[in-house]
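Chemist: The following file, protein-v6.txt, comprises compact mmCIF, C-alpha atoms:
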# COMPACT_ATOMS: atom_id res chain seq x y z
CA MET D 1 3.98 25.12 -6.01
CA SER D 2 0.50 25.73 -4.63
CA GLU D 3 -0.50 24.36 -1.26
CA ILE D 4 -1.95 20.86 -1.29
CA ARG D 5 -5.46 21.08 0.12
CA PHE D 6 -8.31 18.63 0.66
CA ASP D 7 -11.25 21.02 1.00
CA GLY D 8 -14.50 19.24 0.19
CA ARG D 9 -12.85 15.81 0.22
CA VAL D 10 -13.86 12.95 2.50
CA ALA D 11 -11.18 10.53 3.69
CA ILE D 12 -11.43 7.20 5.49
CA ILE D 13 -8.25 6.37 7.38
CA THR D 14 -7.99 2.95 8.98
CA GLY D 15 -5.93 2.32 12.09
CA ALA D 16 -6.08 6.05 12.78
CA GLY D 17 -6.33 5.91 16.56
CA HIS D 18 -2.58 5.93 17.14
CA GLY D 19 0.79 6.56 15.52
CA LEU D 20 0.94 7.00 11.78
CA GLY D 21 -2.80 6.74 11.23
CA ARG D 22 -3.52 9.46 13.77
CA SER D 23 -0.86 11.66 12.17
CA HIS D 24 -2.38 11.07 8.70
CA ALA D 25 -5.82 12.00 10.01
CA LEU D 26 -4.67 15.17 11.72
CA LEU D 27 -2.72 16.36 8.68
CA LEU D 28 -5.49 15.76 6.15
CA ALA D 29 -8.03 17.35 8.51
CA SER D 30 -5.81 20.41 8.97
CA ARG D 31 -5.85 20.82 5.19
CA GLY D 32 -9.61 20.68 4.87
CA ALA D 33 -10.55 17.00 4.60
CA LYS D 34 -13.50 15.52 6.44
CA ILE D 35 -12.23 12.44 8.22
CA VAL D 36 -13.62 9.06 9.15
CA VAL D 37 -11.29 7.97 11.92
CA ASN D 38 -11.30 4.19 11.96
CA ASP D 39 -9.71 2.18 14.71
CA LEU D 40 -10.70 -1.02 16.43
CA GLY D 41 -8.92 0.32 19.49
CA GLY D 42 -6.81 -2.77 19.98
CA SER D 43 -3.22 -3.33 21.04
CA VAL D 44 -0.32 -3.83 18.62
CA ASP D 45 -1.13 -7.55 18.27
CA GLY D 46 -4.77 -6.77 17.48
CA THR D 47 -6.34 -7.79 20.77
CA GLY D 48 -8.55 -5.70 23.03
CA SER D 49 -10.52 -2.56 22.26
CA GLY D 50 -10.68 1.07 23.27
CA SER D 51 -11.81 4.60 22.46
CA ALA D 52 -8.87 5.56 20.25
CA ALA D 53 -10.96 6.42 17.17
CA GLU D 54 -13.32 8.72 19.05
CA ASP D 55 -10.40 10.38 20.85
CA VAL D 56 -8.78 11.35 17.54
CA ALA D 57 -12.11 12.41 16.01
CA GLU D 58 -12.70 14.68 18.97
CA GLU D 59 -9.19 16.08 18.61
CA ILE D 60 -9.98 17.01 15.01
CA ARG D 61 -13.34 18.55 15.91
CA SER D 62 -11.77 20.55 18.73
CA ALA D 63 -9.35 22.03 16.21
CA GLY D 64 -12.28 23.14 14.03
CA GLY D 65 -12.35 20.21 11.63
CA GLU D 66 -15.01 17.65 10.78
CA ALA D 67 -14.62 14.03 11.82
CA ILE D 68 -16.56 10.97 12.86
CA ALA D 69 -15.26 7.82 14.50
CA HIS D 70 -15.92 4.23 13.49
CA THR D 71 -14.61 1.08 15.17
CA ALA D 72 -15.04 -1.28 12.21
CA ASN D 73 -12.79 -4.32 12.18
CA VAL D 74 -11.22 -4.08 8.72
CA THR D 75 -11.39 -7.86 8.32
CA LYS D 76 -15.21 -7.81 8.68
CA ALA D 77 -16.90 -6.83 5.41
CA ASP D 78 -20.23 -5.96 7.05
CA GLU D 79 -18.59 -3.60 9.54
CA VAL D 80 -16.54 -1.93 6.81
CA GLU D 81 -19.65 -1.53 4.65
CA ASP D 82 -21.38 0.16 7.57
CA MET D 83 -18.43 2.52 7.94
CA VAL D 84 -18.52 3.49 4.27
CA ASN D 85 -22.30 3.94 4.35
CA GLN D 86 -21.97 6.15 7.40
CA ALA D 87 -19.41 8.34 5.63
CA ILE D 88 -21.65 8.67 2.58
CA SER D 89 -24.78 9.38 4.62
CA THR D 90 -22.90 12.03 6.62
CA TRP D 91 -21.04 13.79 3.81
CA GLY D 92 -22.36 12.30 0.57
CA GLN D 93 -19.14 10.79 -0.73
CA VAL D 94 -15.82 9.07 -0.09
CA ASP D 95 -12.86 10.46 -2.04
CA ILE D 96 -9.86 9.04 -0.21
CA LEU D 97 -9.08 5.73 1.44
CA VAL D 98 -5.91 5.24 3.44
CA ASN D 99 -5.37 1.57 4.29
CA ASN D 100 -3.21 1.94 7.37
CA ALA D 101 -4.58 -0.56 9.91
CA GLY D 102 -2.13 -3.24 10.96
CA ILE D 103 -0.93 -5.55 13.69
CA LEU D 104 2.33 -7.31 14.50
CA ARG D 105 2.95 -10.87 15.66
CA ASP D 106 6.67 -11.26 15.12
CA LYS D 107 8.37 -14.63 15.43
CA SER D 108 10.86 -16.58 13.38
CA PHE D 109 9.11 -18.71 10.77
CA VAL D 110 9.98 -21.95 12.57
CA LYS D 111 8.20 -20.72 15.71
CA MET D 112 5.28 -18.96 14.02
CA THR D 113 1.85 -20.57 14.23
CA HIS D 114 -0.59 -20.67 11.34
CA GLU D 115 -2.89 -18.50 13.45
CA ASP D 116 -0.26 -15.75 13.84
CA PHE D 117 0.51 -15.83 10.12
CA GLU D 118 -3.12 -15.66 9.08
CA ALA D 119 -4.00 -12.95 11.61
CA VAL D 120 -1.37 -10.55 10.26
CA VAL D 121 -2.12 -11.28 6.60
CA ASN D 122 -5.86 -10.89 7.27
CA VAL D 123 -5.49 -7.43 8.80
CA HIS D 124 -2.87 -5.92 6.50
CA LEU D 125 -3.70 -7.54 3.16
CA MET D 126 -7.28 -8.74 3.36
CA GLY D 127 -8.27 -5.73 5.47
CA SER D 128 -7.02 -3.48 2.68
CA VAL D 129 -8.84 -5.59 0.10
CA ILE D 130 -12.11 -5.42 2.05
CA CYS D 131 -11.91 -1.66 2.64
CA THR D 132 -10.93 -0.96 -0.96
CA LYS D 133 -13.72 -3.17 -2.29
CA ALA D 134 -16.20 -1.27 -0.14
CA VAL D 135 -15.35 2.09 -1.78
CA TRP D 136 -14.34 0.91 -5.26
CA GLU D 137 -17.71 1.02 -7.03
CA HIS D 138 -18.58 4.33 -5.37
CA MET D 139 -15.31 5.84 -6.64
CA ARG D 140 -15.84 4.38 -10.12
CA GLU D 141 -19.29 5.94 -10.33
CA ARG D 142 -17.96 9.34 -9.23
CA ASN D 143 -14.93 9.05 -11.52
CA TYR D 144 -12.63 10.01 -8.66
CA GLY D 145 -10.69 8.16 -6.01
CA ARG D 146 -7.39 8.24 -4.19
CA ILE D 147 -6.30 5.05 -2.45
CA ALA D 148 -3.12 4.50 -0.45
CA MET D 149 -1.88 1.08 0.63
CA THR D 150 0.67 0.83 3.42
CA SER D 151 3.56 -1.39 2.43
CA SER D 152 6.89 -1.85 4.20
CA SER D 153 10.57 -2.51 3.61
CA SER D 154 9.95 -5.72 5.56
CA GLY D 155 7.97 -6.98 2.59
CA ILE D 156 9.93 -5.35 -0.20
CA TYR D 157 13.35 -6.37 1.14
CA GLY D 158 12.67 -8.74 4.04
CA ASN D 159 13.14 -8.55 7.80
CA PHE D 160 13.99 -11.42 10.14
CA GLY D 161 11.03 -12.64 12.17
CA GLN D 162 8.39 -10.99 10.00
CA SER D 163 7.44 -13.58 7.38
CA ASN D 164 3.74 -12.94 8.01
CA TYR D 165 4.08 -9.16 7.94
CA GLY D 166 6.46 -9.20 4.98
CA ALA D 167 4.20 -11.45 2.91
CA ALA D 168 1.23 -9.16 3.55
CA LYS D 169 3.15 -5.99 2.81
CA MET D 170 4.54 -7.26 -0.50
CA GLY D 171 1.06 -8.52 -1.36
CA LEU D 172 -0.15 -4.94 -1.09
CA VAL D 173 2.31 -3.87 -3.79
CA GLY D 174 0.80 -6.46 -6.11
CA LEU D 175 -2.70 -5.27 -5.22
CA MET D 176 -1.67 -1.68 -5.95
CA ASN D 177 -0.24 -2.65 -9.35
CA VAL D 178 -3.46 -4.29 -10.52
CA LEU D 179 -5.85 -1.68 -9.09
CA HIS D 180 -3.79 1.06 -10.73
CA LEU D 181 -4.51 -0.56 -14.09
CA GLU D 182 -8.18 -1.22 -13.37
CA GLY D 183 -8.84 2.22 -11.90
CA GLN D 184 -7.11 4.36 -14.51
CA LYS D 185 -10.11 5.12 -16.73
CA TYR D 186 -12.29 5.84 -13.69
CA GLY D 187 -10.09 8.55 -12.23
CA ILE D 188 -8.88 6.29 -9.40
CA ARG D 189 -5.21 6.56 -8.49
CA VAL D 190 -3.65 3.92 -6.29
CA ASN D 191 -0.29 4.22 -4.54
CA ALA D 192 1.61 2.66 -1.67
CA LEU D 193 3.41 4.23 1.26
CA SER D 194 6.42 2.42 2.71
CA PRO D 195 6.89 4.19 6.04
CA THR D 196 9.57 4.25 8.68
CA ALA D 197 8.49 6.02 11.84
CA ALA D 198 8.61 5.75 15.59
CA THR D 199 5.29 4.14 16.55
CA ARG D 200 4.03 1.55 19.04
CA MET D 201 5.24 -1.08 16.57
CA THR D 202 8.87 0.10 16.75
CA GLU D 203 9.20 0.30 20.53
CA GLY D 204 12.26 -1.58 21.74
CA LEU D 205 13.66 -2.02 18.24
CA ILE D 206 15.45 1.30 17.65
CA PRO D 207 17.77 3.37 19.95
CA GLU D 208 16.03 6.21 21.73
CA ASP D 209 18.14 8.97 20.16
CA ALA D 210 17.41 7.69 16.67
CA LEU D 211 13.71 7.36 17.42
CA LYS D 212 13.49 11.11 17.95
CA LEU D 213 14.40 11.64 14.30
CA MET D 214 11.70 9.30 13.04
CA THR D 215 8.60 11.41 13.38
CA VAL D 216 5.21 10.26 12.17
CA GLU D 217 4.64 13.74 10.78
CA SER D 218 7.46 13.35 8.25
CA VAL D 219 5.80 10.19 6.93
CA SER D 220 2.37 11.79 6.76
CA ALA D 221 3.76 14.49 4.48
CA GLY D 222 4.45 11.76 1.93
CA LEU D 223 1.05 10.17 2.46
CA ALA D 224 -0.73 13.46 1.77
CA TYR D 225 1.05 13.73 -1.57
CA LEU D 226 -0.05 10.21 -2.53
CA VAL D 227 -3.76 11.02 -2.03
CA ALA D 228 -3.76 14.60 -3.33
CA GLU D 229 -5.70 15.87 -6.35
CA ASP D 230 -2.57 15.70 -8.53
CA ALA D 231 -1.31 12.45 -7.01
CA PRO D 232 0.72 10.01 -9.06
CA SER D 233 -0.45 6.42 -9.47
CA ARG D 234 1.39 3.16 -8.87
CA LEU D 235 4.16 4.78 -6.85
CA VAL D 236 5.73 3.10 -3.83
CA LEU D 237 6.88 6.10 -1.82
CA CYS D 238 9.29 5.40 1.04
CA ALA D 239 9.35 7.93 3.87
CA GLY D 240 11.06 8.21 7.23
CA ALA D 241 13.11 10.59 9.37
CA GLY D 242 12.69 13.28 6.71
CA GLY D 243 13.98 11.04 3.93
CA TYR D 244 11.92 10.26 0.84
CA ALA D 245 12.64 7.71 -1.87
CA ALA D 246 10.83 5.47 -4.32
CA THR D 247 10.97 1.69 -4.56
CA ARG D 248 10.65 0.53 -8.15
CA ILE D 249 10.72 -2.99 -9.55
CA TYR D 250 12.93 -3.35 -12.59
CA GLU D 251 13.41 -6.42 -14.76
CA THR D 252 16.71 -7.15 -16.46
CA ASP D 253 16.76 -7.53 -20.21
CA GLY D 254 17.94 -11.10 -19.77
CA ILE D 255 18.97 -13.57 -22.45
CA TYR D 256 17.50 -16.03 -24.92
CA LEU D 257 18.44 -19.71 -25.09
CA PRO D 258 17.36 -21.74 -28.13
CA PRO D 259 15.47 -24.99 -27.43
CA GLU D 260 18.51 -27.25 -27.55
CA GLU D 261 20.28 -25.05 -24.98
CA GLN D 262 17.36 -24.66 -22.52
CA THR D 263 18.93 -26.63 -19.69
CA PRO D 264 19.53 -25.78 -16.02
CA GLU D 265 23.27 -25.99 -16.67
CA ASN D 266 23.08 -23.27 -19.33
CA VAL D 267 20.92 -21.08 -17.08
CA ALA D 268 23.62 -21.44 -14.40
CA ALA D 269 26.37 -20.72 -16.91
CA ARG D 270 24.67 -17.53 -18.12
CA ILE D 271 23.42 -16.23 -14.76
CA ASP D 272 25.73 -13.21 -14.86
CA ASP D 273 24.21 -12.18 -18.19
CA ILE D 274 20.70 -12.88 -16.86
CA ILE D 275 21.11 -10.56 -13.88
CA ALA D 276 23.10 -7.84 -15.67
CA ALA D 277 21.48 -4.43 -15.23
CA ASP D 278 22.21 -3.21 -18.75
CA GLY D 279 18.94 -2.64 -20.59
CA GLN D 280 16.71 -3.33 -17.60
CA GLY D 281 13.17 -1.96 -17.81
CA LEU D 282 10.38 -0.65 -15.64
CA TYR D 283 7.28 -2.49 -16.81
CA GLN D 284 3.70 -1.29 -16.54
CA GLN D 285 1.97 -4.67 -16.71
CA GLY D 286 2.84 -8.35 -16.76
CA GLY D 287 2.24 -8.79 -20.48
CA GLU D 288 5.33 -6.71 -21.25
CA GLN D 289 7.53 -9.46 -19.86
CA THR D 290 5.76 -12.03 -22.04
CA MET D 291 6.25 -9.87 -25.14
CA LYS D 292 9.94 -9.41 -24.36
CA PHE D 293 10.56 -13.14 -24.14
CA LEU D 294 8.45 -13.89 -27.22
CA THR D 295 10.23 -11.20 -29.22
CA LYS D 296 13.62 -12.68 -28.39
CA ALA D 297 12.42 -16.15 -29.35
CA ALA D 298 10.77 -14.91 -32.55
CA GLU D 299 13.96 -13.15 -33.62
CA HIS D 300 15.87 -16.41 -33.22
CA PHE D 301 13.43 -18.30 -35.43
CA GLY D 302 12.81 -15.46 -37.88
CA VAL D 303 9.14 -15.14 -36.91
CA LYS D 304 7.57 -11.69 -37.41
CA MET D 305 5.81 -10.16 -34.41
CA GLY D 306 2.70 -8.23 -35.44
Show me this structure written as structure tokens.
Modeler:
Amino acid sequence: MSEIRFDGRVAIITGAGHGLGRSHALLLASRGAKIVVNDLGGSVDGTGSGSAAEDVAEEIRSAGGEAIAHTANVTKADEVEDMVNQAISTWGQVDILVNNAGILRDKSFVKMTHEDFEAVVNVHLMGSVICTKAVWEHMRERNYGRIAMTSSSSGIYGNFGQSNYGAAKMGLVGLMNVLHLEGQKYGIRVNALSPTAATRMTEGLIPEDALKLMTVESVSAGLAYLVAEDAPSRLVLCAGAGGYAATRIYETDGIYLPPEEQTPENVAARIDDIIAADGQGLYQQGGEQTMKFLTKAAEHFGVKMG
């Protein structure tokens, strides 16, 4: 297989001042991409500010690459618009967007304030919406775009104390699914990365010896594939410690109950059949579920479909 390169491509990477984002930026830059390093410069919980974005941009330039820094807050549409305009005025285009910026405010749901819930959802989910919206029309007009969301097993499977984070991360999978459909005919491919890596966010959670295996570089290898020229679309790629897998949402074939049997008791009685994996499918859009249920009902009543 030929080497994956990004020569002539311009990438915006949010939250790129530290950890995974920095690793993403360095890898894409080393393979020819021109990078907008975005970072507010804050701490893990989103407070404070610093020079993280400029530090990484300078690191890229020192290695012979091209990069500019921007400290846009991803939850502020005007600041994000300025960032995108700066990228276009500098290099004429934006080809790649990596929505990586995030914060943590972990607490059990009973102890979590509305403010802590909203803050995390605003950065992860709404921040990705705002950044994607800012480049979407530009990518449509150029008939090319590669967008990566950053999801998490905390959203896909759940993790104690992270209801805010989990809700945002699963929301990004839904956003990816819809934008994949809407971007198809415009050459825009949208994927999600579900990373596991040793970053500031994992400090104190994982034994030191295990942390050494969880390099950010191994995750960035997966990210680069998701935004490459020949990238897939609508893939949730899981990556960590050198392991790579895909999370896919399947729906069981299920059952049909005629009207006189549509009771909660009959649903309970048939739950084993409802959740049976035999015949389960990987759907491409929500209407497929509707058609499945209608087809089963139509067969019962002898109604022809189509």
Chemist: Report the distance between atom CA of D:Glu54 and atom CA of D:Arg22 in Å, rounded to one decimal place.
Modeler: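 Rounded to one decimal, the two atoms are 11.2 Å apart.
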Chemist: Just want the 10 Å neighbourhood of D:Ile68, counted on all atoms listed in the file, with same-chain residues fewer than 5 positions away dropped. Output as number ranges by chain.
Modeler: D: 12, 34-38, 53-54, 56-58, 60-61, 83, 86-87, 90
Chemist: Show me, as a VMD selection string, the residues that have an atom within 9 Å of D:Ser220 when counting all atoms listed in the file, minus same-chain residues fewer than 2 positions from it.
Modeler: chain D and resid 20 to 21 23 to 25 27 to 28 195 216 to 218 222 to 225 239
Chemist: Just the residues within 7 Å of stretch 100-109 of chain D, please, counting only C-alpha atoms, with nothing from its chain fewer than 6 positions along; format it as a PyMOL selection string.
Modeler: chain D and resi 13-15+21+44-46+116+120+123-124+149-150+160-163
Chemist: Could you list, with a cut-off of 12 Å and counting all atoms listed in the file, the residues of stretch 139-237 of chain D near stretch 249-258 of chain D, each shown with its nearest atom pair and the distance in Å rounded to one decimal, rows sorted by chain and ascending number, as a tab-separated table?
Modeler:
residue	atom	partner	partner_atom	distance
D:Ile156	CA	D:Ile249	CA	9.7
D:Tyr157	CA	D:Ile249	CA	11.5
D:Met170	CA	D:Ile249	CA	11.8
D:Val173	CA	D:Ile249	CA	10.2
D:Gly174	CA	D:Ile249	CA	11.1
D:Asn177	CA	D:Ile249	CA	11.0
D:Arg234	CA	D:Ile249	CA	11.2
D:Leu235	CA	D:Ile249	CA	10.5
D:Val236	CA	D:Ile249	CA	9.7
Chemist: Figure out the distance between atom CA of D:Asn191 and atom CA of D:Pro232, please, to one decimal in Å.
Modeler: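 Going from atom CA of D:Pro232 over to atom CA of D:Asn191 covers 7.4 Å.
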Chemist: Between atom CA of D:Glu118 and atom CA of D:Ala69, what is the distance in Å, rounded to a tenth?
Modeler: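 Atom-to-atom, atom CA of D:Glu118 to atom CA of D:Ala69, that is 27.0 Å.
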Chemist: Taking (10.6, 9.3, 8.8) in the file's own coordinates, collect the residues within 6 Å, counting all atoms listed in the file, and hand them back as a ChimeraX atom specification.
Modeler: /D:196-197,214-215,218-219,239-242
Chemist: Tell me which protein, DNA and RNA residues are within 12 Å of D:Met176, counting only C-alpha atoms, leaving out same-chain ones fewer than 2 positions away, and put them as JSON, numbers by chain.
Modeler: {"D": [99, 125, 128, 129, 132, 146, 147, 148, 149, 150, 151, 169, 170, 171, 172, 173, 174, 178, 179, 180, 181, 182, 183, 184, 188, 189, 190, 191, 192, 193, 233, 234, 235, 236, 284, 285]}
Chemist: Would you compute the box with edges along x, y and z of the file around stretch 228-234 of chain D, including every atom the file lists for it and 4 Å extra on each side, and give its centre and edge lengths in Å to one decimal, as JSON?
Modeler:
{"center_x": -2.2, "center_y": 9.5, "center_z": -6.4, "size_x": 15.1, "size_y": 20.7, "size_z": 14.1}
Chemist: Looking at D:Ile206, D:Ile96, D:Val80, D:Leu282, which one is nearest to D:Ile130, with distances taken over only C-alpha atoms?
Modeler: D:Val80
Chemist: Of the candidates D:Leu294, D:Ala245, D:Ala269, D:Ala33, which shows the shortest atom-to-atom distance to D:Gln93, using all atoms listed in the file?
Modeler: D:Ala33
Chemist: Can you put N, CA and C atoms back into stretch 252-286 of chain D and show it as a compact mmCIF listing (two decimals), keeping the file's coordinate frame?
Modeler:
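As written to disk, rebuild_13.txt reads:
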# COMPACT_ATOMS: atom_id res chain seq x y z
N THR D 252 15.57 -7.18 -15.55
CA THR D 252 16.71 -7.15 -16.46
C THR D 252 16.28 -7.57 -17.86
N ASP D 253 17.07 -7.17 -18.83
CA ASP D 253 16.76 -7.53 -20.21
C ASP D 253 16.86 -9.03 -20.40
N GLY D 254 17.82 -9.65 -19.72
CA GLY D 254 17.94 -11.10 -19.77
C GLY D 254 18.53 -11.62 -21.07
N ILE D 255 18.38 -12.90 -21.29
CA ILE D 255 18.97 -13.57 -22.45
C ILE D 255 17.93 -14.47 -23.12
N TYR D 256 18.30 -15.00 -24.27
CA TYR D 256 17.50 -16.03 -24.92
C TYR D 256 18.35 -17.27 -25.12
N LEU D 257 17.80 -18.43 -24.82
CA LEU D 257 18.44 -19.71 -25.09
C LEU D 257 17.57 -20.49 -26.08
N PRO D 258 18.13 -20.93 -27.19
CA PRO D 258 17.36 -21.74 -28.13
C PRO D 258 16.99 -23.08 -27.50
N PRO D 259 15.99 -23.76 -28.05
CA PRO D 259 15.47 -24.99 -27.43
C PRO D 259 16.53 -26.00 -27.01
N GLU D 260 17.50 -26.23 -27.87
CA GLU D 260 18.51 -27.25 -27.55
C GLU D 260 19.45 -26.83 -26.41
N GLU D 261 19.40 -25.54 -26.05
CA GLU D 261 20.28 -25.05 -24.98
C GLU D 261 19.50 -24.73 -23.70
N GLN D 262 18.19 -25.00 -23.68
CA GLN D 262 17.36 -24.66 -22.52
C GLN D 262 17.50 -25.72 -21.44
N THR D 263 18.63 -25.68 -20.76
CA THR D 263 18.93 -26.63 -19.69
C THR D 263 19.29 -25.87 -18.43
N PRO D 264 19.14 -26.47 -17.26
CA PRO D 264 19.53 -25.78 -16.02
C PRO D 264 21.00 -25.42 -16.00
N GLU D 265 21.83 -26.27 -16.65
CA GLU D 265 23.27 -25.99 -16.67
C GLU D 265 23.57 -24.70 -17.44
N ASN D 266 22.85 -24.49 -18.55
CA ASN D 266 23.08 -23.27 -19.33
C ASN D 266 22.52 -22.04 -18.64
N VAL D 267 21.42 -22.20 -17.89
CA VAL D 267 20.92 -21.08 -17.08
C VAL D 267 21.98 -20.70 -16.05
N ALA D 268 22.57 -21.70 -15.40
CA ALA D 268 23.62 -21.44 -14.40
C ALA D 268 24.83 -20.78 -15.06
N ALA D 269 25.19 -21.25 -16.24
CA ALA D 269 26.37 -20.72 -16.91
C ALA D 269 26.18 -19.27 -17.34
N ARG D 270 24.95 -18.88 -17.63
CA ARG D 270 24.67 -17.53 -18.12
C ARG D 270 24.06 -16.61 -17.06
N ILE D 271 24.11 -17.01 -15.79
CA ILE D 271 23.42 -16.23 -14.76
C ILE D 271 23.92 -14.80 -14.67
N ASP D 272 25.21 -14.58 -14.91
CA ASP D 272 25.73 -13.21 -14.86
C ASP D 272 25.10 -12.35 -15.94
N ASP D 273 24.88 -12.92 -17.11
CA ASP D 273 24.21 -12.18 -18.19
C ASP D 273 22.74 -11.97 -17.86
N ILE D 274 22.13 -12.97 -17.21
CA ILE D 274 20.70 -12.88 -16.86
C ILE D 274 20.44 -11.75 -15.88
N ILE D 275 21.34 -11.57 -14.92
CA ILE D 275 21.11 -10.56 -13.88
C ILE D 275 21.76 -9.22 -14.19
N ALA D 276 22.45 -9.10 -15.31
CA ALA D 276 23.10 -7.84 -15.67
C ALA D 276 22.08 -6.72 -15.79
N ALA D 277 22.42 -5.55 -15.26
CA ALA D 277 21.48 -4.43 -15.23
C ALA D 277 21.34 -3.70 -16.55
N ASP D 278 22.26 -3.90 -17.46
CA ASP D 278 22.21 -3.21 -18.75
C ASP D 278 20.89 -3.50 -19.47
N GLY D 279 20.17 -2.46 -19.84
CA GLY D 279 18.94 -2.64 -20.59
C GLY D 279 17.74 -3.02 -19.76
N GLN D 280 17.85 -2.96 -18.44
CA GLN D 280 16.71 -3.33 -17.60
C GLN D 280 15.57 -2.34 -17.80
N GLY D 281 14.33 -2.80 -17.55
CA GLY D 281 13.17 -1.96 -17.81
C GLY D 281 12.21 -1.91 -16.65
N LEU D 282 11.42 -0.85 -16.63
CA LEU D 282 10.38 -0.65 -15.64
C LEU D 282 9.05 -0.93 -16.33
N TYR D 283 8.46 -2.08 -16.07
CA TYR D 283 7.28 -2.49 -16.81
C TYR D 283 6.00 -1.97 -16.16
N GLN D 284 4.98 -1.80 -17.00
CA GLN D 284 3.70 -1.29 -16.54
C GLN D 284 2.66 -2.38 -16.33
N GLN D 285 2.85 -3.53 -16.95
CA GLN D 285 1.97 -4.67 -16.71
C GLN D 285 2.67 -5.96 -17.13
N GLY D 286 2.17 -7.07 -16.60
CA GLY D 286 2.84 -8.35 -16.76
C GLY D 286 3.04 -8.78 -18.20
